[in-house]
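Asker: Data: model_36.cif, mmCIF, C-alpha atoms.
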data_run
loop_
_atom_site.group_PDB
_atom_site.id
_atom_site.type_symbol
_atom_site.label_atom_id
_atom_site.label_comp_id
_atom_site.auth_asym_id
_atom_site.auth_seq_id
_atom_site.Cartn_x
_atom_site.Cartn_y
_atom_site.Cartn_z
ATOM 1 C CA SER A 1105 0.000 0.000 0.000
ATOM 2 C CA ALA A 1106 1.025 3.667 -0.260
ATOM 3 C CA GLU A 1107 1.442 3.898 3.533
ATOM 4 C CA GLU A 1108 3.680 0.812 3.633
ATOM 5 C CA MET A 1109 5.775 2.240 0.788
ATOM 6 C CA ALA A 1110 6.183 5.594 2.646
ATOM 7 C CA LEU A 1111 7.299 3.790 5.804
ATOM 8 C CA ASP A 1112 9.790 1.752 3.818
ATOM 9 C CA LEU A 1113 11.231 4.923 2.237
ATOM 10 C CA GLU A 1114 11.725 6.437 5.713
ATOM 11 C CA ARG A 1115 13.555 3.286 6.813
ATOM 12 C CA PHE A 1116 15.760 3.481 3.730
ATOM 13 C CA LEU A 1117 16.655 7.140 4.375
ATOM 14 C CA LYS A 1118 17.524 6.289 7.984
ATOM 15 C CA GLY A 1119 19.722 3.413 6.860
ATOM 16 C CA GLU A 1120 17.428 0.781 8.331
ATOM 17 C CA SER A 1121 16.475 -2.516 6.660
ATOM 18 C CA VAL A 1122 13.361 -2.287 4.516
ATOM 19 C CA VAL A 1123 10.390 -4.702 4.466
ATOM 20 C CA ALA A 1124 9.985 -4.859 0.695
ATOM 21 C CA ARG A 1125 11.683 -7.771 -1.087
ATOM 22 C CA PRO A 1126 12.382 -8.383 -4.788
ATOM 23 C CA PRO A 1127 9.804 -10.611 -6.535
ATOM 24 C CA GLY A 1128 10.560 -14.337 -6.664
ATOM 25 C CA ALA A 1129 10.990 -16.426 -9.773
ATOM 26 C CA ALA A 1130 7.325 -17.485 -9.817
ATOM 27 C CA ARG A 1131 6.123 -13.863 -9.636
ATOM 28 C CA LYS A 1132 8.542 -12.803 -12.373
ATOM 29 C CA LEU A 1133 7.321 -15.632 -14.607
ATOM 30 C CA LEU A 1134 3.719 -14.676 -13.972
ATOM 31 C CA ARG A 1135 4.459 -11.067 -14.919
ATOM 32 C CA ARG A 1136 6.112 -12.130 -18.150
ATOM 33 C CA VAL A 1137 3.184 -14.395 -19.047
ATOM 34 C CA ARG A 1138 0.762 -11.526 -18.456
ATOM 35 C CA ALA A 1139 2.921 -9.180 -20.519
ATOM 36 C CA ASN A 1140 3.305 -11.682 -23.410
ATOM 37 C CA PRO A 1141 0.318 -14.058 -23.410
ATOM 38 C CA VAL A 1142 0.756 -15.178 -27.050
ATOM 39 C CA ALA A 1143 4.398 -16.139 -26.632
ATOM 40 C CA ALA A 1144 3.661 -17.842 -23.317
ATOM 41 C CA GLY A 1145 0.875 -19.886 -24.918
ATOM 42 C CA GLY A 1146 3.176 -21.017 -27.698
ATOM 43 C CA ILE A 1147 5.857 -22.083 -25.228
ATOM 44 C CA ALA A 1148 3.261 -23.962 -23.120
ATOM 45 C CA ALA A 1149 1.927 -25.770 -26.206
ATOM 46 C CA PHE A 1150 5.481 -26.759 -27.210
ATOM 47 C CA VAL A 1151 6.267 -28.102 -23.729
ATOM 48 C CA LEU A 1152 2.985 -30.016 -23.655
ATOM 49 C CA ALA A 1153 3.717 -31.582 -27.054
ATOM 50 C CA ILE A 1154 7.175 -32.674 -25.852
ATOM 51 C CA ALA A 1155 5.639 -34.159 -22.679
ATOM 52 C CA VAL A 1156 3.042 -36.104 -24.685
ATOM 53 C CA MET A 1157 5.741 -37.405 -27.039
ATOM 54 C CA VAL A 1158 7.915 -38.565 -24.120
ATOM 55 C CA ALA A 1159 4.919 -40.249 -22.478
ATOM 56 C CA MET A 1160 4.101 -42.057 -25.726
ATOM 57 C CA LEU A 1161 7.691 -43.289 -26.048
ATOM 58 C CA LEU A 1162 7.937 -44.426 -22.428
ATOM 59 C CA ARG A 1163 4.522 -46.051 -22.031
ATOM 60 C CA PRO A 1164 4.548 -49.853 -21.670
ATOM 61 C CA ARG A 1165 4.001 -51.567 -24.968
ATOM 62 C CA PRO A 1166 0.855 -53.699 -25.203
ATOM 63 C CA GLU A 1167 1.450 -57.424 -25.102
ATOM 64 C CA ALA A 1168 1.320 -59.119 -28.436
ATOM 65 C CA PRO A 1169 -1.710 -61.377 -28.891
ATOM 66 C CA PRO A 1170 -0.910 -65.002 -28.088
ATOM 67 C CA PRO A 1171 0.034 -66.994 -31.153
ATOM 68 C CA VAL A 1172 -2.333 -69.575 -32.499
ATOM 69 C CA ILE A 1173 -0.725 -72.821 -31.429
ATOM 70 C CA ILE A 1174 -1.794 -75.900 -33.306
ATOM 71 C CA ASN A 1175 1.176 -78.163 -32.502
ATOM 72 C CA ALA A 1176 0.476 -80.348 -35.513
ATOM 73 C CA PRO A 1177 2.838 -83.068 -36.715
ATOM 74 C CA ALA A 1178 4.217 -82.822 -40.213
ATOM 75 C CA LEU A 1179 1.524 -82.961 -42.837
ATOM 76 C CA PRO A 1180 1.364 -86.110 -44.896
ATOM 77 C CA ASP A 1181 2.280 -85.875 -48.549
ATOM 78 C CA LEU A 1182 -1.106 -85.652 -50.180
ATOM 79 C CA ARG A 1183 0.115 -84.978 -53.685
ATOM 80 C CA ALA A 1184 -0.563 -88.594 -54.536
ATOM 81 C CA GLY A 1185 -3.744 -88.662 -52.456
ATOM 82 C CA SER A 1186 -7.269 -88.099 -53.543
ATOM 83 C CA GLU A 1187 -9.099 -84.800 -53.704
ATOM 84 C CA ALA A 1188 -11.359 -86.075 -50.908
ATOM 85 C CA GLU A 1189 -8.345 -86.396 -48.584
ATOM 86 C CA ARG A 1190 -7.201 -82.856 -49.295
ATOM 87 C CA GLN A 1191 -10.689 -81.502 -48.782
ATOM 88 C CA TRP A 1192 -11.017 -83.349 -45.450
ATOM 89 C CA ARG A 1193 -7.717 -81.941 -44.210
ATOM 90 C CA ASP A 1194 -8.622 -78.394 -45.243
ATOM 91 C CA LYS A 1195 -11.967 -78.625 -43.459
ATOM 92 C CA PHE A 1196 -10.285 -80.001 -40.335
ATOM 93 C CA LEU A 1197 -7.907 -77.021 -40.038
ATOM 94 C CA PRO A 1198 -10.457 -74.575 -38.468
ATOM 95 C CA TYR A 1199 -11.361 -77.259 -35.939
ATOM 96 C CA GLN A 1200 -7.693 -77.566 -35.043
ATOM 97 C CA VAL A 1201 -7.498 -73.856 -34.267
ATOM 98 C CA GLU A 1202 -10.578 -74.032 -32.016
ATOM 99 C CA LEU A 1203 -9.565 -77.241 -30.290
ATOM 100 C CA ALA A 1204 -5.839 -76.569 -29.785
ATOM 101 C CA TYR A 1205 -5.098 -76.806 -26.057
ATOM 102 C CA HIS A 1206 -3.601 -73.336 -25.589
ATOM 103 C CA ASN A 1207 -6.322 -71.646 -27.671
ATOM 104 C CA PHE A 1208 -9.328 -73.474 -26.285
ATOM 105 C CA GLY A 1209 -12.039 -71.479 -24.538
ATOM 106 C CA ASP A 1210 -15.133 -73.554 -25.114
ATOM 107 C CA LEU A 1211 -16.849 -75.496 -27.867
ATOM 108 C CA LEU A 1212 -20.552 -75.060 -28.551
ATOM 109 C CA PRO A 1213 -22.551 -78.309 -28.555
ATOM 110 C CA GLU A 1214 -23.519 -77.912 -32.200
ATOM 111 C CA ARG A 1215 -19.886 -77.305 -33.141
ATOM 112 C CA LEU A 1216 -18.899 -80.427 -31.253
ATOM 113 C CA VAL A 1217 -21.506 -82.435 -33.179
ATOM 114 C CA GLU A 1218 -20.145 -81.079 -36.476
ATOM 115 C CA LEU A 1219 -16.601 -82.090 -35.540
ATOM 116 C CA ARG A 1220 -17.671 -85.584 -34.535
ATOM 117 C CA ARG A 1221 -19.414 -85.979 -37.877
ATOM 118 C CA HIS A 1222 -16.310 -84.776 -39.659
ATOM 119 C CA MET A 1223 -14.146 -87.222 -37.694
ATOM 120 C CA ALA A 1224 -16.472 -90.026 -38.765
ATOM 121 C CA THR A 1225 -15.607 -89.297 -42.424
ATOM 122 C CA MET A 1226 -11.834 -89.213 -41.837
ATOM 123 C CA PRO A 1227 -9.882 -90.996 -44.603
ATOM 124 C CA HIS A 1228 -7.913 -93.953 -43.302
ATOM 125 C CA SER A 1229 -4.669 -92.530 -44.710
ATOM 126 C CA LEU A 1230 -4.987 -89.445 -42.491
ATOM 127 C CA SER A 1231 -5.685 -91.376 -39.289
ATOM 128 C CA PRO A 1232 -2.023 -91.487 -38.059
ATOM 129 C CA TRP A 1233 -1.576 -87.771 -38.673
ATOM 130 C CA VAL A 1234 -4.795 -86.819 -36.851
ATOM 131 C CA ALA A 1235 -3.984 -89.183 -33.968
ATOM 132 C CA GLY A 1236 -0.540 -87.581 -33.703
ATOM 133 C CA TRP A 1237 -2.074 -84.125 -33.527
ATOM 134 C CA PHE A 1238 -4.482 -85.054 -30.711
ATOM 135 C CA LEU A 1239 -1.662 -86.736 -28.811
ATOM 136 C CA GLY A 1240 0.518 -83.640 -29.273
ATOM 137 C CA GLN A 1241 -2.212 -81.566 -27.657
ATOM 138 C CA ALA A 1242 -2.846 -84.023 -24.834
ATOM 139 C CA VAL A 1243 0.778 -84.029 -23.712
ATOM 140 C CA LEU A 1244 0.508 -80.263 -23.120
ATOM 141 C CA LEU A 1245 -1.714 -80.943 -20.112
ATOM 142 C CA PRO A 1246 0.244 -80.214 -16.901
ATOM 143 C CA GLY A 1247 0.885 -83.319 -14.844
ATOM 144 C CA GLU A 1248 0.511 -81.647 -11.438
ATOM 145 C CA VAL A 1249 -2.288 -79.744 -9.753
ATOM 146 C CA TRP A 1250 -1.645 -76.401 -8.036
ATOM 147 C CA PRO A 1251 -1.126 -76.332 -4.255
ATOM 148 C CA ARG A 1252 -4.414 -76.299 -2.369
ATOM 149 C CA ARG A 1253 -3.865 -72.731 -1.178
ATOM 150 C CA GLU A 1254 -4.140 -71.587 -4.822
ATOM 151 C CA TRP A 1255 -7.295 -73.508 -5.698
ATOM 152 C CA MET A 1256 -9.718 -70.635 -5.180
ATOM 153 C CA GLU A 1257 -7.972 -68.411 -7.734
ATOM 154 C CA ARG A 1258 -7.260 -71.310 -10.118
ATOM 155 C CA ARG A 1259 -10.808 -72.630 -10.459
ATOM 156 C CA GLU A 1260 -11.500 -70.938 -13.798
ATOM 157 C CA GLU A 1261 -8.344 -72.304 -15.423
ATOM 158 C CA ALA A 1262 -9.061 -75.749 -13.978
ATOM 159 C CA ALA A 1263 -12.583 -75.631 -15.410
ATOM 160 C CA ARG A 1264 -11.170 -74.713 -18.839
ATOM 161 C CA ARG A 1265 -8.835 -77.695 -18.731
ATOM 162 C CA VAL A 1266 -11.646 -80.024 -17.716
ATOM 163 C CA ARG A 1267 -13.865 -78.734 -20.544
ATOM 164 C CA TRP A 1268 -11.060 -79.284 -23.033
ATOM 165 C CA CYS A 1269 -10.402 -82.842 -21.836
ATOM 166 C CA ARG A 1270 -14.060 -83.758 -21.998
ATOM 167 C CA ALA A 1271 -14.484 -82.205 -25.442
ATOM 168 C CA VAL A 1272 -11.554 -84.251 -26.769
ATOM 169 C CA GLN A 1273 -12.897 -87.395 -25.109
ATOM 170 C CA SER A 1274 -16.261 -86.835 -26.761
ATOM 171 C CA ILE A 1275 -14.650 -86.263 -30.169
ATOM 172 C CA LEU A 1276 -12.446 -89.345 -29.911
ATOM 173 C CA GLU A 1277 -15.167 -91.647 -28.649
ATOM 174 C CA GLY A 1278 -15.262 -94.737 -30.826
ATOM 175 C CA THR A 1279 -11.914 -94.081 -32.569
ATOM 176 C CA ASP A 1280 -9.376 -96.864 -33.024
ATOM 177 C CA GLU A 1281 -6.251 -97.727 -31.026
ATOM 178 C CA LYS A 1282 -4.180 -94.964 -32.649
ATOM 179 C CA PHE A 1283 -6.118 -92.515 -30.480
ATOM 180 C CA ALA A 1284 -5.973 -94.609 -27.284
ATOM 181 C CA GLN A 1285 -3.101 -92.682 -25.675
ATOM 182 C CA ALA A 1286 -4.778 -89.311 -26.294
ATOM 183 C CA ARG A 1287 -8.008 -90.659 -24.772
ATOM 184 C CA LYS A 1288 -6.101 -91.952 -21.749
ATOM 185 C CA LEU A 1289 -4.263 -88.664 -21.128
ATOM 186 C CA THR A 1290 -7.393 -86.521 -21.409
ATOM 187 C CA ALA A 1291 -9.374 -88.836 -19.128
ATOM 188 C CA ALA A 1292 -6.638 -88.575 -16.496
ATOM 189 C CA GLY A 1293 -6.470 -84.790 -16.961
ATOM 190 C CA ALA A 1294 -10.208 -84.346 -16.442
ATOM 191 C CA GLU A 1295 -10.049 -86.429 -13.279
ATOM 192 C CA ARG A 1296 -7.015 -84.487 -12.047
ATOM 193 C CA PHE A 1297 -8.427 -80.981 -12.442
ATOM 194 C CA ALA A 1298 -12.143 -81.612 -11.777
ATOM 195 C CA PRO A 1299 -11.754 -81.270 -7.967
ATOM 196 C CA VAL A 1300 -10.158 -77.832 -8.401
ATOM 197 C CA ALA A 1301 -12.880 -76.685 -10.815
ATOM 198 C CA ALA A 1302 -15.624 -77.824 -8.423
ATOM 199 C CA TRP A 1303 -13.941 -76.516 -5.273
ATOM 200 C CA ARG A 1304 -15.925 -73.890 -3.388
ATOM 201 C CA GLY A 1305 -13.477 -73.175 -0.597
ATOM 202 C CA CYS A 1306 -12.946 -74.430 2.937
ATOM 203 C CA ILE A 1307 -14.357 -73.606 6.360
ATOM 204 C CA ALA A 1308 -13.922 -74.340 10.040
ATOM 205 C CA LEU A 1309 -16.943 -76.278 11.356
ATOM 206 C CA SER A 1310 -17.887 -77.140 14.915
ATOM 207 C CA LEU A 1311 -20.347 -80.006 15.453
ATOM 208 C CA SER A 1312 -22.325 -79.656 18.663
ATOM 209 C CA ALA A 1313 -25.191 -81.801 19.947
ATOM 210 C CA THR A 1314 -27.209 -81.972 23.155
ATOM 211 C CA PRO A 1315 -26.598 -84.351 24.833
ATOM 212 C CA PHE A 1316 -23.108 -85.248 23.711
ATOM 213 C CA ALA A 1317 -22.999 -87.918 21.032
ATOM 214 C CA GLU A 1318 -20.493 -89.966 19.105
ATOM 215 C CA VAL A 1319 -19.782 -88.710 15.584
ATOM 216 C CA ARG A 1320 -20.021 -92.084 13.871
ATOM 217 C CA SER A 1321 -19.498 -90.710 10.344
ATOM 218 C CA LEU A 1322 -19.279 -87.521 8.302
ATOM 219 C CA ARG A 1323 -19.027 -87.577 4.536
ATOM 220 C CA ALA A 1324 -19.707 -85.584 1.380
ATOM 221 C CA GLY A 1325 -20.688 -88.023 -1.350
ATOM 222 C CA ASP A 1326 -17.940 -90.642 -1.429
ATOM 223 C CA ALA A 1327 -15.434 -88.453 0.429
ATOM 224 C CA TRP A 1328 -15.218 -89.438 4.104
ATOM 225 C CA VAL A 1329 -14.096 -87.046 6.816
ATOM 226 C CA VAL A 1330 -15.084 -89.297 9.730
ATOM 227 C CA LYS A 1331 -15.684 -93.014 9.302
ATOM 228 C CA ASP A 1332 -16.554 -95.538 12.027
ATOM 229 C CA GLY A 1333 -16.029 -92.878 14.664
ATOM 230 C CA ARG A 1334 -12.496 -91.963 13.593
ATOM 231 C CA LYS A 1335 -11.114 -89.214 11.395
ATOM 232 C CA VAL A 1336 -10.030 -90.262 7.912
ATOM 233 C CA GLY A 1337 -6.725 -89.136 6.449
ATOM 234 C CA GLY A 1338 -5.063 -88.077 9.689
ATOM 235 C CA PRO A 1339 -2.568 -89.919 11.863
ATOM 236 C CA PRO A 1340 -3.875 -93.213 13.287
ATOM 237 C CA SER A 1341 -5.755 -92.696 16.541
ATOM 238 C CA GLY A 1342 -7.686 -95.057 18.769
ATOM 239 C CA GLU A 1343 -9.906 -92.284 20.114
ATOM 240 C CA VAL A 1344 -13.561 -92.221 19.078
ATOM 241 C CA LEU A 1345 -14.777 -88.735 18.127
ATOM 242 C CA TYR A 1346 -17.529 -87.056 20.128
ATOM 243 C CA THR A 1347 -19.318 -83.730 20.011
ATOM 244 C CA PRO A 1348 -18.359 -80.984 20.336
ATOM 245 C CA LEU A 1349 -16.010 -81.648 17.440
ATOM 246 C CA VAL A 1350 -14.124 -78.883 15.629
ATOM 247 C CA LEU A 1351 -12.934 -79.558 12.073
ATOM 248 C CA GLU A 1352 -10.535 -77.126 10.379
ATOM 249 C CA ASP A 1353 -10.040 -76.762 6.601
ATOM 250 C CA LEU A 1354 -13.220 -78.641 5.771
ATOM 251 C CA ASP A 1355 -14.230 -78.435 2.122
ATOM 252 C CA ILE A 1356 -17.522 -76.644 1.458
ATOM 253 C CA ALA A 1357 -20.074 -79.292 0.453
ATOM 254 C CA ASP A 1358 -23.312 -80.944 1.519
ATOM 255 C CA TYR A 1359 -22.458 -83.381 4.310
ATOM 256 C CA THR A 1360 -24.244 -86.366 5.804
ATOM 257 C CA VAL A 1361 -23.512 -86.879 9.495
ATOM 258 C CA VAL A 1362 -24.423 -89.835 11.684
ATOM 259 C CA LEU A 1363 -24.637 -89.223 15.440
ATOM 260 C CA VAL A 1364 -25.004 -92.041 17.965
ATOM 261 C CA HIS A 1365 -26.161 -91.808 21.595
ATOM 262 C CA PRO A 1366 -26.579 -94.738 24.013
ATOM 263 C CA LYS A 1367 -30.181 -93.776 24.897
ATOM 264 C CA ARG A 1368 -31.384 -91.868 21.862
ATOM 265 C CA GLY A 1369 -29.962 -94.226 19.280
ATOM 266 C CA GLN A 1370 -28.614 -93.296 15.863
ATOM 267 C CA VAL A 1371 -29.572 -90.105 14.036
ATOM 268 C CA THR A 1372 -28.662 -89.339 10.407
ATOM 269 C CA LEU A 1373 -28.736 -85.671 9.462
ATOM 270 C CA THR A 1374 -27.671 -83.401 6.593
ATOM 271 C CA ILE A 1375 -25.463 -80.324 6.883
ATOM 272 C CA PRO A 1376 -26.231 -78.069 3.868
ATOM 273 C CA GLY A 1377 -23.335 -76.289 2.204
ATOM 274 C CA ARG A 1378 -25.196 -73.945 -0.164
ATOM 275 C CA ASP A 1379 -24.819 -70.802 1.966
ATOM 276 C CA LEU A 1380 -21.297 -71.379 3.263
ATOM 277 C CA ARG A 1381 -18.523 -69.030 2.256
ATOM 278 C CA HIS A 1382 -14.797 -69.576 1.881
ATOM 279 C CA GLN A 1383 -12.766 -69.247 5.106
ATOM 280 C CA GLY A 1384 -15.876 -68.810 7.243
ATOM 281 C CA ARG A 1385 -16.287 -70.306 10.728
ATOM 282 C CA TYR A 1386 -19.547 -72.105 11.476
ATOM 283 C CA VAL A 1387 -21.305 -73.973 14.267
ATOM 284 C CA TRP A 1388 -23.803 -76.741 13.503
ATOM 285 C CA SER A 1389 -25.826 -77.486 16.612
ATOM 286 C CA GLY A 1390 -29.107 -78.832 17.931
ATOM 287 C CA SER A 1391 -30.770 -81.326 20.231
ATOM 288 C CA LEU A 1392 -30.988 -85.056 19.594
ATOM 289 C CA ASP A 1393 -34.532 -84.885 20.966
ATOM 290 C CA ARG A 1394 -35.482 -82.633 18.026
ATOM 291 C CA PRO A 1395 -33.189 -83.627 15.122
ATOM 292 C CA ALA A 1396 -35.139 -81.488 12.636
ATOM 293 C CA ASP A 1397 -34.144 -78.351 14.569
ATOM 294 C CA PHE A 1398 -30.384 -78.668 13.955
ATOM 295 C CA VAL A 1399 -29.130 -75.432 12.368
ATOM 296 C CA ILE A 1400 -25.868 -74.060 11.067
ATOM 297 C CA ARG A 1401 -24.804 -70.515 11.872
ATOM 298 C CA GLU A 1402 -21.746 -68.428 11.157
ATOM 299 C CA VAL A 1403 -19.500 -67.285 13.990
ATOM 300 C CA ARG A 1404 -18.514 -63.663 13.496
#
Output the structure of this file as structure tokens.
Answerer:
Amino acid sequence: SAEEMALDLERFLKGESVVARPPGAARKLLRRVRANPVAAGGIAAFVLAIAVMVAMLLRPRPEAPPPVIINAPALPDLRAGSEAERQWRDKFLPYQVELAYHNFGDLLPERLVELRRHMATMPHSLSPWVAGWFLGQAVLLPGEVWPRREWMERREEAARRVRWCRAVQSILEGTDEKFAQARKLTAAGAERFAPVAAWRGCIALSLSATPFAEVRSLRAGDAWVVKDGRKVGGPPSGEVLYTPLVLEDLDIADYTVVLVHPKRGQVTLTIPGRDLRHQGRYVWSGSLDRPADFVIREVR
């Protein structure tokens, strides 16, 4: 202000330090921009263009699309073959692309029917070549399943592998011995990865009954957790299991449990798994006098 300027002049004349300070770099730049807006705009546009160019050069390059992998053995020499053989091979090529192990996503039922019909018309001379191609795909199946701790995040890939194995099995149904090894490998692969594809997670479950009772058995389908009063799969133990019984890392499923009490006899009940969630903790409890009232609840 004018008053502050007058006071500063008095200080200057008296030889005292003044309050005013020279403008900083930012203020000087702002003054120059205001004085020359056109030039400043041009400089800003140039700097922005350089920045965009640098960003374009330094950005991560997109991954190349995965190659179409057919893994086919060497083609037979069909120059001496019939036109029918060449036509069959040419028509089989699109099926190869769809059915190749690394490319496979799914195969519509109608497409599967078409391929089976085409396989039924396969010329005998091409049988070794086609069998070699299916075997070359089957050997790409991994021989080991992921560790159990990875199953939840691997279910989709496991399901894809199972679908591929079953599609190949369906296509090769009824083929001769040249295709036997491919059928064997895909059958083993489907069996190997099906548990991962169907896995819904694991829970901690506490079985509680009033009065206490022996847990004679607990199973999901053909998979036993408790059999004849003893836990299956653990170290040998002579102890019979009774409620309350806590089971850790129990697969989510529908379970059948058999409880036995000296006075109330044997009771067979079902523990539903439809509403259970991965890594949850649950208590299944009730009274043997009212078996229908057994309920399962989550422990928060």
Asker: Would you kindly return, as a VMD selection string, each protein, DNA or RNA residue with an atom no farther than 10 Å from any atom of A:Pro1366, considering all atoms listed in the file and excluding same-chain residues fewer than 2 positions away?
Answerer: chain A and resid 1317 to 1318 1364 1368 to 1370
Asker: Suppose you want the space between atom CA of A:Arg1296 and atom CA of A:Arg1265; what is it in Å?
Answerer: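 Taking atom CA of A:Arg1296 as the start and atom CA of A:Arg1265 as the end point, the length is 9.7 Å.
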Asker: Written as a PyMOL selection string, what is the full residue list that the PyMOL selection byres ((chain A and resi 1312) around 6) yields on the file shown?
Answerer: chain A and resi 1311+1313+1347-1348+1389
Asker: So what does the PyMOL selection byres ((chain A and resi 1215-1225) around 12) actually pick up in this one, as an MDAnalysis selection string?
Answerer: chainID A and resid 1188:1189 1191:1200 1202:1203 1210:1214 1226:1231 1234:1235 1267:1268 1270:1280
Asker: Could you tell me how far atom CA of A:Arg1320 sits from atom CA of A:Asp1393, in Å to one decimal place?
Answerer: 17.7 Å
Asker: Could you name the residues that touch stretch 1395-1403 of chain A at 9 Å or less, counting only C-alpha atoms, but leaving out those on the same chain fewer than 3 positions away, as a VMD selection string?
Answerer: chain A and resid 1313 1371 to 1373 1375 to 1376 1380 1384 to 1392
